[in-house]
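structure31.txt (compact mmCIF, N, CA and C atoms)
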```
# COMPACT_ATOMS: atom_id res chain seq x y z
N MET A 1 -85.29 15.60 -48.09
CA MET A 1 -84.49 15.78 -49.28
C MET A 1 -84.11 17.25 -49.45
N THR A 2 -85.04 18.14 -49.14
CA THR A 2 -84.74 19.57 -49.24
C THR A 2 -83.59 19.92 -48.31
N ARG A 3 -83.62 19.40 -47.10
CA ARG A 3 -82.54 19.65 -46.15
C ARG A 3 -81.22 19.11 -46.68
N PHE A 4 -81.25 17.91 -47.21
CA PHE A 4 -80.04 17.28 -47.72
C PHE A 4 -79.44 18.08 -48.87
N LEU A 5 -80.27 18.48 -49.82
CA LEU A 5 -79.78 19.19 -51.01
C LEU A 5 -79.27 20.59 -50.68
N THR A 6 -79.79 21.19 -49.62
CA THR A 6 -79.35 22.54 -49.23
C THR A 6 -78.30 22.50 -48.11
N ASN A 7 -77.97 21.30 -47.65
CA ASN A 7 -77.01 21.11 -46.56
C ASN A 7 -77.47 21.85 -45.30
N GLU A 8 -78.77 21.80 -45.05
CA GLU A 8 -79.36 22.44 -43.86
C GLU A 8 -79.96 21.36 -42.96
N LEU A 9 -79.16 20.36 -42.62
CA LEU A 9 -79.65 19.21 -41.87
C LEU A 9 -80.06 19.55 -40.44
N SER A 10 -79.45 20.54 -39.84
CA SER A 10 -79.77 20.87 -38.45
C SER A 10 -80.53 22.19 -38.31
N LYS A 11 -80.83 22.82 -39.42
CA LYS A 11 -81.57 24.09 -39.39
C LYS A 11 -82.98 23.84 -38.87
N GLY A 12 -83.53 24.78 -38.16
CA GLY A 12 -84.91 24.66 -37.67
C GLY A 12 -85.90 24.60 -38.83
N GLU A 13 -86.59 25.67 -39.05
CA GLU A 13 -87.58 25.74 -40.12
C GLU A 13 -86.92 26.02 -41.46
N LEU A 14 -87.34 25.29 -42.47
CA LEU A 14 -86.90 25.58 -43.83
C LEU A 14 -87.72 26.74 -44.38
N THR A 15 -87.19 27.38 -45.41
CA THR A 15 -87.88 28.51 -46.02
C THR A 15 -88.11 28.23 -47.50
N GLU A 16 -88.87 29.10 -48.11
CA GLU A 16 -89.11 29.01 -49.55
C GLU A 16 -87.78 29.12 -50.31
N ASN A 17 -86.86 29.91 -49.78
CA ASN A 17 -85.54 30.03 -50.39
C ASN A 17 -84.80 28.69 -50.39
N ASP A 18 -84.91 27.93 -49.31
CA ASP A 18 -84.30 26.60 -49.25
C ASP A 18 -84.88 25.71 -50.34
N LEU A 19 -86.19 25.76 -50.50
CA LEU A 19 -86.84 24.97 -51.55
C LEU A 19 -86.31 25.37 -52.92
N ASN A 20 -86.18 26.67 -53.17
CA ASN A 20 -85.69 27.14 -54.47
C ASN A 20 -84.25 26.69 -54.72
N ILE A 21 -83.42 26.68 -53.68
CA ILE A 21 -82.05 26.20 -53.83
C ILE A 21 -82.06 24.71 -54.16
N ALA A 22 -82.87 23.93 -53.46
CA ALA A 22 -82.95 22.49 -53.73
C ALA A 22 -83.42 22.23 -55.16
N LYS A 23 -84.39 22.99 -55.63
CA LYS A 23 -84.87 22.84 -57.01
C LYS A 23 -83.74 23.12 -58.00
N GLU A 24 -82.97 24.15 -57.73
CA GLU A 24 -81.89 24.51 -58.64
C GLU A 24 -80.80 23.43 -58.65
N VAL A 25 -80.52 22.85 -57.49
CA VAL A 25 -79.54 21.75 -57.43
C VAL A 25 -80.01 20.60 -58.31
N ILE A 26 -81.26 20.22 -58.17
CA ILE A 26 -81.79 19.12 -58.98
C ILE A 26 -81.74 19.48 -60.46
N ARG A 27 -82.15 20.71 -60.78
CA ARG A 27 -82.19 21.12 -62.19
C ARG A 27 -80.81 21.07 -62.82
N GLN A 28 -79.80 21.53 -62.10
CA GLN A 28 -78.47 21.63 -62.67
C GLN A 28 -77.65 20.34 -62.57
N LYS A 29 -77.92 19.51 -61.59
CA LYS A 29 -77.01 18.42 -61.28
C LYS A 29 -77.58 17.02 -61.42
N CYS A 30 -78.87 16.86 -61.65
CA CYS A 30 -79.47 15.53 -61.57
C CYS A 30 -80.13 15.07 -62.86
N LEU A 31 -79.95 13.82 -63.13
CA LEU A 31 -80.77 13.12 -64.12
C LEU A 31 -81.89 12.51 -63.30
N VAL A 32 -83.09 13.02 -63.47
CA VAL A 32 -84.21 12.62 -62.63
C VAL A 32 -84.77 11.29 -63.11
N GLY A 33 -85.00 10.40 -62.16
CA GLY A 33 -85.66 9.13 -62.42
C GLY A 33 -86.84 8.98 -61.48
N LEU A 34 -87.88 8.32 -61.95
CA LEU A 34 -89.07 8.12 -61.13
C LEU A 34 -89.40 6.64 -61.06
N LEU A 35 -89.68 6.15 -59.87
CA LEU A 35 -90.02 4.75 -59.71
C LEU A 35 -91.28 4.40 -60.49
N GLU A 36 -92.24 5.31 -60.53
CA GLU A 36 -93.47 5.02 -61.27
C GLU A 36 -93.25 5.04 -62.79
N GLU A 37 -92.07 5.46 -63.21
CA GLU A 37 -91.66 5.44 -64.62
C GLU A 37 -90.34 4.69 -64.74
N LYS A 38 -90.25 3.52 -64.07
CA LYS A 38 -88.95 2.87 -63.99
C LYS A 38 -88.43 2.39 -65.33
N GLY A 39 -89.29 1.99 -66.25
CA GLY A 39 -88.83 1.58 -67.58
C GLY A 39 -88.17 2.74 -68.30
N GLU A 40 -88.84 3.86 -68.33
CA GLU A 40 -88.29 5.06 -68.97
C GLU A 40 -87.04 5.53 -68.23
N THR A 41 -87.06 5.45 -66.92
CA THR A 41 -85.90 5.86 -66.13
C THR A 41 -84.69 5.01 -66.47
N PHE A 42 -84.85 3.68 -66.51
CA PHE A 42 -83.74 2.80 -66.84
C PHE A 42 -83.22 3.10 -68.25
N GLU A 43 -84.13 3.34 -69.17
CA GLU A 43 -83.73 3.64 -70.55
C GLU A 43 -82.89 4.92 -70.61
N ARG A 44 -83.32 5.93 -69.90
CA ARG A 44 -82.57 7.19 -69.89
C ARG A 44 -81.19 7.02 -69.27
N ILE A 45 -81.13 6.28 -68.17
CA ILE A 45 -79.83 6.05 -67.51
C ILE A 45 -78.89 5.32 -68.46
N GLN A 46 -79.41 4.32 -69.15
CA GLN A 46 -78.57 3.58 -70.10
C GLN A 46 -78.07 4.50 -71.21
N LYS A 47 -78.94 5.31 -71.75
CA LYS A 47 -78.53 6.22 -72.82
C LYS A 47 -77.52 7.25 -72.32
N TYR A 48 -77.78 7.81 -71.17
CA TYR A 48 -76.92 8.85 -70.63
C TYR A 48 -75.49 8.34 -70.39
N PHE A 49 -75.40 7.14 -69.80
CA PHE A 49 -74.09 6.60 -69.47
C PHE A 49 -73.52 5.67 -70.54
N GLY A 50 -74.30 5.43 -71.60
CA GLY A 50 -73.84 4.55 -72.66
C GLY A 50 -73.78 3.09 -72.23
N TRP A 51 -74.66 2.71 -71.33
CA TRP A 51 -74.68 1.34 -70.84
C TRP A 51 -75.64 0.50 -71.66
N ARG A 52 -75.24 -0.67 -72.01
CA ARG A 52 -76.09 -1.65 -72.70
C ARG A 52 -75.75 -3.03 -72.17
N PRO A 53 -76.75 -3.88 -72.03
CA PRO A 53 -76.45 -5.26 -71.64
C PRO A 53 -75.49 -5.89 -72.66
N LYS A 54 -74.47 -6.55 -72.16
CA LYS A 54 -73.45 -7.14 -73.04
C LYS A 54 -73.81 -8.52 -73.54
N ASN A 55 -74.75 -9.15 -72.83
CA ASN A 55 -75.12 -10.51 -73.22
C ASN A 55 -76.54 -10.81 -72.75
N GLU A 56 -76.99 -12.01 -73.06
CA GLU A 56 -78.36 -12.39 -72.73
C GLU A 56 -78.59 -12.42 -71.22
N GLU A 57 -77.58 -12.83 -70.48
CA GLU A 57 -77.72 -12.88 -69.02
C GLU A 57 -77.95 -11.48 -68.44
N GLU A 58 -77.20 -10.50 -68.91
CA GLU A 58 -77.38 -9.13 -68.44
C GLU A 58 -78.73 -8.57 -68.88
N GLN A 59 -79.16 -8.92 -70.09
CA GLN A 59 -80.47 -8.47 -70.58
C GLN A 59 -81.58 -9.06 -69.72
N ASN A 60 -81.47 -10.34 -69.38
CA ASN A 60 -82.47 -10.98 -68.52
C ASN A 60 -82.52 -10.32 -67.14
N CYS A 61 -81.35 -10.00 -66.61
CA CYS A 61 -81.28 -9.33 -65.31
C CYS A 61 -81.99 -7.98 -65.38
N LEU A 62 -81.74 -7.22 -66.42
CA LEU A 62 -82.38 -5.92 -66.60
C LEU A 62 -83.90 -6.08 -66.69
N GLU A 63 -84.34 -7.02 -67.47
CA GLU A 63 -85.78 -7.24 -67.63
C GLU A 63 -86.43 -7.63 -66.31
N LYS A 64 -85.76 -8.45 -65.53
CA LYS A 64 -86.30 -8.83 -64.22
C LYS A 64 -86.45 -7.61 -63.33
N LYS A 65 -85.46 -6.74 -63.33
CA LYS A 65 -85.53 -5.53 -62.50
C LYS A 65 -86.69 -4.63 -62.94
N LEU A 66 -86.94 -4.59 -64.23
CA LEU A 66 -88.01 -3.75 -64.73
C LEU A 66 -89.39 -4.35 -64.46
N GLU A 67 -89.48 -5.68 -64.49
CA GLU A 67 -90.77 -6.34 -64.33
C GLU A 67 -91.15 -6.59 -62.89
N TRP A 68 -90.18 -6.79 -62.04
CA TRP A 68 -90.48 -7.10 -60.64
C TRP A 68 -91.06 -5.88 -59.95
N ALA A 69 -91.96 -6.16 -59.03
CA ALA A 69 -92.42 -5.10 -58.14
C ALA A 69 -91.26 -4.75 -57.22
N TRP A 70 -91.16 -3.53 -56.84
CA TRP A 70 -90.09 -3.09 -55.95
C TRP A 70 -90.70 -2.84 -54.58
N PRO A 71 -90.84 -3.88 -53.80
CA PRO A 71 -91.49 -3.68 -52.49
C PRO A 71 -90.62 -2.82 -51.59
N MET A 72 -91.29 -2.09 -50.75
CA MET A 72 -90.54 -1.28 -49.77
C MET A 72 -89.88 -2.22 -48.78
N LYS A 73 -88.68 -1.89 -48.37
CA LYS A 73 -87.96 -2.72 -47.41
C LYS A 73 -88.70 -2.77 -46.07
N HIS A 74 -89.22 -1.64 -45.67
CA HIS A 74 -89.94 -1.55 -44.41
C HIS A 74 -91.41 -1.24 -44.72
N LYS A 75 -92.27 -2.16 -44.39
CA LYS A 75 -93.70 -1.96 -44.64
C LYS A 75 -94.25 -0.92 -43.67
N HIS A 76 -95.08 -0.05 -44.19
CA HIS A 76 -95.74 0.97 -43.38
C HIS A 76 -97.23 0.91 -43.69
N PRO A 77 -98.06 1.20 -42.71
CA PRO A 77 -99.49 1.21 -42.99
C PRO A 77 -99.83 2.33 -43.96
N ALA A 78 -100.82 2.09 -44.78
CA ALA A 78 -101.27 3.12 -45.72
C ALA A 78 -101.91 4.27 -44.94
N ILE A 79 -101.62 5.48 -45.37
CA ILE A 79 -102.21 6.67 -44.76
C ILE A 79 -103.23 7.21 -45.74
N GLU A 80 -104.44 7.34 -45.30
CA GLU A 80 -105.51 7.81 -46.18
C GLU A 80 -105.34 9.29 -46.49
N ASP A 81 -105.39 9.61 -47.77
CA ASP A 81 -105.27 10.99 -48.22
C ASP A 81 -106.35 11.83 -47.55
N GLY A 82 -105.92 12.93 -46.95
CA GLY A 82 -106.87 13.83 -46.29
C GLY A 82 -107.08 13.54 -44.82
N SER A 83 -106.59 12.40 -44.33
CA SER A 83 -106.75 12.07 -42.92
C SER A 83 -105.91 12.99 -42.05
N ARG A 84 -106.13 12.94 -40.74
CA ARG A 84 -105.34 13.77 -39.82
C ARG A 84 -103.86 13.44 -39.95
N ALA A 85 -103.54 12.14 -40.00
CA ALA A 85 -102.14 11.73 -40.14
C ALA A 85 -101.55 12.28 -41.44
N TRP A 86 -102.32 12.22 -42.52
CA TRP A 86 -101.86 12.72 -43.81
C TRP A 86 -101.56 14.22 -43.73
N ARG A 87 -102.45 14.95 -43.08
CA ARG A 87 -102.26 16.40 -42.96
C ARG A 87 -101.02 16.72 -42.13
N LEU A 88 -100.79 15.98 -41.06
CA LEU A 88 -99.61 16.22 -40.22
C LEU A 88 -98.32 15.91 -40.97
N ILE A 89 -98.30 14.77 -41.66
CA ILE A 89 -97.11 14.39 -42.42
C ILE A 89 -96.86 15.39 -43.55
N SER A 90 -97.91 15.76 -44.25
CA SER A 90 -97.78 16.73 -45.34
C SER A 90 -97.26 18.07 -44.85
N ALA A 91 -97.77 18.52 -43.72
CA ALA A 91 -97.35 19.82 -43.18
C ALA A 91 -95.87 19.81 -42.81
N SER A 92 -95.40 18.70 -42.24
CA SER A 92 -94.00 18.67 -41.83
C SER A 92 -93.05 18.36 -42.99
N ASN A 93 -93.60 18.00 -44.13
CA ASN A 93 -92.77 17.69 -45.31
C ASN A 93 -93.20 18.49 -46.53
N GLN A 94 -93.76 19.66 -46.30
CA GLN A 94 -94.33 20.44 -47.39
C GLN A 94 -93.31 20.77 -48.49
N PHE A 95 -92.08 21.08 -48.12
CA PHE A 95 -91.09 21.44 -49.13
C PHE A 95 -90.65 20.21 -49.92
N ASP A 96 -90.56 19.06 -49.26
CA ASP A 96 -90.21 17.84 -49.98
C ASP A 96 -91.30 17.45 -50.96
N LEU A 97 -92.55 17.64 -50.58
CA LEU A 97 -93.66 17.35 -51.50
C LEU A 97 -93.60 18.27 -52.72
N GLN A 98 -93.31 19.54 -52.49
CA GLN A 98 -93.18 20.48 -53.61
C GLN A 98 -91.96 20.14 -54.47
N LEU A 99 -90.90 19.70 -53.82
CA LEU A 99 -89.69 19.30 -54.55
C LEU A 99 -89.97 18.08 -55.43
N TYR A 100 -90.75 17.15 -54.92
CA TYR A 100 -91.12 15.97 -55.70
C TYR A 100 -91.95 16.37 -56.93
N GLU A 101 -92.90 17.27 -56.75
CA GLU A 101 -93.70 17.73 -57.90
C GLU A 101 -92.79 18.40 -58.93
N TYR A 102 -91.82 19.16 -58.47
CA TYR A 102 -90.87 19.79 -59.38
C TYR A 102 -90.03 18.74 -60.10
N ALA A 103 -89.60 17.71 -59.38
CA ALA A 103 -88.82 16.63 -59.99
C ALA A 103 -89.63 15.94 -61.08
N LYS A 104 -90.92 15.77 -60.88
CA LYS A 104 -91.76 15.16 -61.93
C LYS A 104 -91.80 16.06 -63.17
N GLN A 105 -91.84 17.37 -62.97
CA GLN A 105 -91.80 18.29 -64.10
C GLN A 105 -90.46 18.19 -64.83
N LEU A 106 -89.37 18.12 -64.06
CA LEU A 106 -88.05 17.98 -64.68
C LEU A 106 -87.93 16.66 -65.44
N PHE A 107 -88.50 15.61 -64.90
CA PHE A 107 -88.48 14.32 -65.59
C PHE A 107 -89.11 14.47 -66.97
N ALA A 108 -90.24 15.14 -67.04
CA ALA A 108 -90.91 15.37 -68.33
C ALA A 108 -90.04 16.22 -69.25
N GLN A 109 -89.45 17.28 -68.72
CA GLN A 109 -88.60 18.15 -69.54
C GLN A 109 -87.36 17.40 -70.02
N GLN A 110 -86.74 16.65 -69.15
CA GLN A 110 -85.53 15.91 -69.52
C GLN A 110 -85.84 14.84 -70.57
N GLY A 111 -87.06 14.40 -70.64
CA GLY A 111 -87.43 13.41 -71.65
C GLY A 111 -87.15 13.90 -73.06
N GLN A 112 -87.23 15.20 -73.27
CA GLN A 112 -86.94 15.78 -74.59
C GLN A 112 -85.49 15.56 -75.00
N LEU A 113 -84.62 15.45 -74.03
CA LEU A 113 -83.19 15.23 -74.32
C LEU A 113 -82.92 13.83 -74.86
N PHE A 114 -83.80 12.90 -74.55
CA PHE A 114 -83.57 11.50 -74.89
C PHE A 114 -84.39 11.03 -76.08
N HIS A 115 -85.34 11.82 -76.52
CA HIS A 115 -86.23 11.39 -77.61
C HIS A 115 -86.16 12.33 -78.79
N ARG A 116 -84.95 12.59 -79.23
CA ARG A 116 -84.75 13.48 -80.38
C ARG A 116 -84.51 12.66 -81.62
```
Show how you would write the structure in this file as C-alpha cells.
Amino acid sequence: MTRFLTNELSKGELTENDLNIAKEVIRQKCLVGLLEEKGETFERIQKYFGWRPKNEEEQNCLEKKLEWAWPMKHKHPAIEDGSRAWRLISASNQFDLQLYEYAKQLFAQQGQLFHR
C-alpha cells in the first residue's frame, strides 16, 4: 500500500520519507474504513455520501452485509505472531504495518467528524 500511495511500485527499498508521503495522502484524501469496525465504517460512508436505504429491501441488504462474516477469498494458513514467518513478513512489510497503525489513528480522529 505504501508503494501504491507513493507511486513507487518499482522502487527498490522504501524509506521513511515514502511512509510519510503515504500517511499524508491518506490523511488528506481518504475516508478511512476498517473491516474490524465495519458497522461504524458503513455508517460513516452513508453519512459522508448522503446514502440511505430507500426501502426495506435495501435495508435488509445492508444489514446482511453488516452481519455476515467477510471471509477472505483466498484462504491462507494462520501465521503465529512472533514466529520466523511472522518476522520475515513483518520485516518486508514494515512500512505497510506502520501505515495501517496510522490509518487506525485516523479512523479514530475522523470519528469526531461524524459524531457532532
One decimal, Å: what's the distance from atom N of Phe107 (chain A) over to atom C of Thr6 (chain A), could you say?
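Taking atom N of Phe107 (chain A) and atom C of Thr6 (chain A), their separation equals 20.8 Å.
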Here atom C of Phe95 (chain A) and CA of Gln28 (chain A) stand apart by 17.7 Å
Between CA of Glu56 (chain A) and CA of Leu113 (chain A), what distance in Å does the model show, to one decimal?
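Rounded to one decimal, the two atoms are 28.1 Å apart.
Minimum distance to Met1 (chain A) across A:Leu97, A:Asp81, A:Glu13, A:Gly39 (counting all atoms listed in the file) occurs at A:Leu97.
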Could you please write out, as a ChimeraX atom specification, every residue of region 4-111 of chain A that DSSP assigns to helix (DSSP H, G or I)? /A:4-6,16-29,35-49,56-67,84-92,94-111
I want to know what sits within 12 Å of region 14-24 of chain A, based on only C-alpha atoms, with residues of the same chain fewer than 3 positions away left out; could you give that as a PDB file with N, CA and C atoms, keeping the file's coordinate frame?
```pdb
ATOM      1  N   MET A   1     -85.290  15.600 -48.090  1.00  0.00           N
ATOM      2  CA  MET A   1     -84.490  15.780 -49.280  1.00  0.00           C
ATOM      3  C   MET A   1     -84.110  17.250 -49.450  1.00  0.00           C
ATOM      4  N   THR A   2     -85.040  18.140 -49.140  1.00  0.00           N
ATOM      5  CA  THR A   2     -84.740  19.570 -49.240  1.00  0.00           C
ATOM      6  C   THR A   2     -83.590  19.920 -48.310  1.00  0.00           C
ATOM      7  N   ARG A   3     -83.620  19.400 -47.100  1.00  0.00           N
ATOM      8  CA  ARG A   3     -82.540  19.650 -46.150  1.00  0.00           C
ATOM      9  C   ARG A   3     -81.220  19.110 -46.680  1.00  0.00           C
ATOM     10  N   PHE A   4     -81.250  17.910 -47.210  1.00  0.00           N
ATOM     11  CA  PHE A   4     -80.040  17.280 -47.720  1.00  0.00           C
ATOM     12  C   PHE A   4     -79.440  18.080 -48.870  1.00  0.00           C
ATOM     13  N   LEU A   5     -80.270  18.480 -49.820  1.00  0.00           N
ATOM     14  CA  LEU A   5     -79.780  19.190 -51.010  1.00  0.00           C
ATOM     15  C   LEU A   5     -79.270  20.590 -50.680  1.00  0.00           C
ATOM     16  N   THR A   6     -79.790  21.190 -49.620  1.00  0.00           N
ATOM     17  CA  THR A   6     -79.350  22.540 -49.230  1.00  0.00           C
ATOM     18  C   THR A   6     -78.300  22.500 -48.110  1.00  0.00           C
ATOM     19  N   ASN A   7     -77.970  21.300 -47.650  1.00  0.00           N
ATOM     20  CA  ASN A   7     -77.010  21.110 -46.560  1.00  0.00           C
ATOM     21  C   ASN A   7     -77.470  21.850 -45.300  1.00  0.00           C
ATOM     22  N   GLU A   8     -78.770  21.800 -45.050  1.00  0.00           N
ATOM     23  CA  GLU A   8     -79.360  22.440 -43.860  1.00  0.00           C
ATOM     24  C   GLU A   8     -79.960  21.360 -42.960  1.00  0.00           C
ATOM     25  N   LEU A   9     -79.160  20.360 -42.620  1.00  0.00           N
ATOM     26  CA  LEU A   9     -79.650  19.210 -41.870  1.00  0.00           C
ATOM     27  C   LEU A   9     -80.060  19.550 -40.440  1.00  0.00           C
ATOM     28  N   SER A  10     -79.450  20.540 -39.840  1.00  0.00           N
ATOM     29  CA  SER A  10     -79.770  20.870 -38.450  1.00  0.00           C
ATOM     30  C   SER A  10     -80.530  22.190 -38.310  1.00  0.00           C
ATOM     31  N   LYS A  11     -80.830  22.820 -39.420  1.00  0.00           N
ATOM     32  CA  LYS A  11     -81.570  24.090 -39.390  1.00  0.00           C
ATOM     33  C   LYS A  11     -82.980  23.840 -38.870  1.00  0.00           C
ATOM     34  N   ARG A  27     -82.150  20.710 -60.780  1.00  0.00           N
ATOM     35  CA  ARG A  27     -82.190  21.120 -62.190  1.00  0.00           C
ATOM     36  C   ARG A  27     -80.810  21.070 -62.820  1.00  0.00           C
ATOM     37  N   GLN A  28     -79.800  21.530 -62.100  1.00  0.00           N
ATOM     38  CA  GLN A  28     -78.470  21.630 -62.670  1.00  0.00           C
ATOM     39  C   GLN A  28     -77.650  20.340 -62.570  1.00  0.00           C
ATOM     40  N   LYS A  29     -77.920  19.510 -61.590  1.00  0.00           N
ATOM     41  CA  LYS A  29     -77.010  18.420 -61.280  1.00  0.00           C
ATOM     42  C   LYS A  29     -77.580  17.020 -61.420  1.00  0.00           C
ATOM     43  N   CYS A  30     -78.870  16.860 -61.650  1.00  0.00           N
ATOM     44  CA  CYS A  30     -79.470  15.530 -61.570  1.00  0.00           C
ATOM     45  C   CYS A  30     -80.130  15.070 -62.860  1.00  0.00           C
ATOM     46  N   VAL A  32     -83.090  13.020 -63.470  1.00  0.00           N
ATOM     47  CA  VAL A  32     -84.210  12.620 -62.630  1.00  0.00           C
ATOM     48  C   VAL A  32     -84.770  11.290 -63.110  1.00  0.00           C
ATOM     49  N   ALA A  91     -97.770  18.520 -43.720  1.00  0.00           N
ATOM     50  CA  ALA A  91     -97.350  19.820 -43.180  1.00  0.00           C
ATOM     51  C   ALA A  91     -95.870  19.810 -42.810  1.00  0.00           C
ATOM     52  N   SER A  92     -95.400  18.700 -42.240  1.00  0.00           N
ATOM     53  CA  SER A  92     -94.000  18.670 -41.830  1.00  0.00           C
ATOM     54  C   SER A  92     -93.050  18.360 -42.990  1.00  0.00           C
ATOM     55  N   ASN A  93     -93.600  18.000 -44.130  1.00  0.00           N
ATOM     56  CA  ASN A  93     -92.770  17.690 -45.310  1.00  0.00           C
ATOM     57  C   ASN A  93     -93.200  18.490 -46.530  1.00  0.00           C
ATOM     58  N   GLN A  94     -93.760  19.660 -46.300  1.00  0.00           N
ATOM     59  CA  GLN A  94     -94.330  20.440 -47.390  1.00  0.00           C
ATOM     60  C   GLN A  94     -93.310  20.770 -48.490  1.00  0.00           C
ATOM     61  N   PHE A  95     -92.080  21.080 -48.120  1.00  0.00           N
ATOM     62  CA  PHE A  95     -91.090  21.440 -49.130  1.00  0.00           C
ATOM     63  C   PHE A  95     -90.650  20.210 -49.920  1.00  0.00           C
ATOM     64  N   ASP A  96     -90.560  19.060 -49.260  1.00  0.00           N
ATOM     65  CA  ASP A  96     -90.210  17.840 -49.980  1.00  0.00           C
ATOM     66  C   ASP A  96     -91.300  17.450 -50.960  1.00  0.00           C
ATOM     67  N   LEU A  97     -92.550  17.640 -50.580  1.00  0.00           N
ATOM     68  CA  LEU A  97     -93.660  17.350 -51.500  1.00  0.00           C
ATOM     69  C   LEU A  97     -93.600  18.270 -52.720  1.00  0.00           C
ATOM     70  N   GLN A  98     -93.310  19.540 -52.490  1.00  0.00           N
ATOM     71  CA  GLN A  98     -93.180  20.480 -53.610  1.00  0.00           C
ATOM     72  C   GLN A  98     -91.960  20.140 -54.470  1.00  0.00           C
ATOM     73  N   LEU A  99     -90.900  19.700 -53.820  1.00  0.00           N
ATOM     74  CA  LEU A  99     -89.690  19.300 -54.550  1.00  0.00           C
ATOM     75  C   LEU A  99     -89.970  18.080 -55.430  1.00  0.00           C
ATOM     76  N   TYR A 100     -90.750  17.150 -54.920  1.00  0.00           N
ATOM     77  CA  TYR A 100     -91.120  15.970 -55.700  1.00  0.00           C
ATOM     78  C   TYR A 100     -91.950  16.370 -56.930  1.00  0.00           C
ATOM     79  N   GLU A 101     -92.900  17.270 -56.750  1.00  0.00           N
ATOM     80  CA  GLU A 101     -93.700  17.730 -57.900  1.00  0.00           C
ATOM     81  C   GLU A 101     -92.790  18.400 -58.930  1.00  0.00           C
ATOM     82  N   TYR A 102     -91.820  19.160 -58.470  1.00  0.00           N
ATOM     83  CA  TYR A 102     -90.870  19.790 -59.380  1.00  0.00           C
ATOM     84  C   TYR A 102     -90.030  18.740 -60.100  1.00  0.00           C
ATOM     85  N   ALA A 103     -89.600  17.710 -59.380  1.00  0.00           N
ATOM     86  CA  ALA A 103     -88.820  16.630 -59.990  1.00  0.00           C
ATOM     87  C   ALA A 103     -89.630  15.940 -61.080  1.00  0.00           C
ATOM     88  N   LYS A 104     -90.920  15.770 -60.880  1.00  0.00           N
ATOM     89  CA  LYS A 104     -91.760  15.160 -61.930  1.00  0.00           C
ATOM     90  C   LYS A 104     -91.800  16.060 -63.170  1.00  0.00           C
ATOM     91  N   GLN A 105     -91.840  17.370 -62.970  1.00  0.00           N
ATOM     92  CA  GLN A 105     -91.800  18.290 -64.100  1.00  0.00           C
ATOM     93  C   GLN A 105     -90.460  18.190 -64.830  1.00  0.00           C
ATOM     94  N   LEU A 106     -89.370  18.120 -64.060  1.00  0.00           N
ATOM     95  CA  LEU A 106     -88.050  17.980 -64.680  1.00  0.00           C
ATOM     96  C   LEU A 106     -87.930  16.660 -65.440  1.00  0.00           C
TER      97      LEU A 106
END
```
Using only the atoms of region 77-86 of chain A listed in the file, plus 6 Å on each side, state the axis-aligned box centre and edge lengths in Å rounded to one decimal, as AutoDock Vina command-line options.
```
--center_x -102.6 --center_y 7.7 --center_z -44.0 --size_x 21.0 --size_y 25.0 --size_z 20.4
```
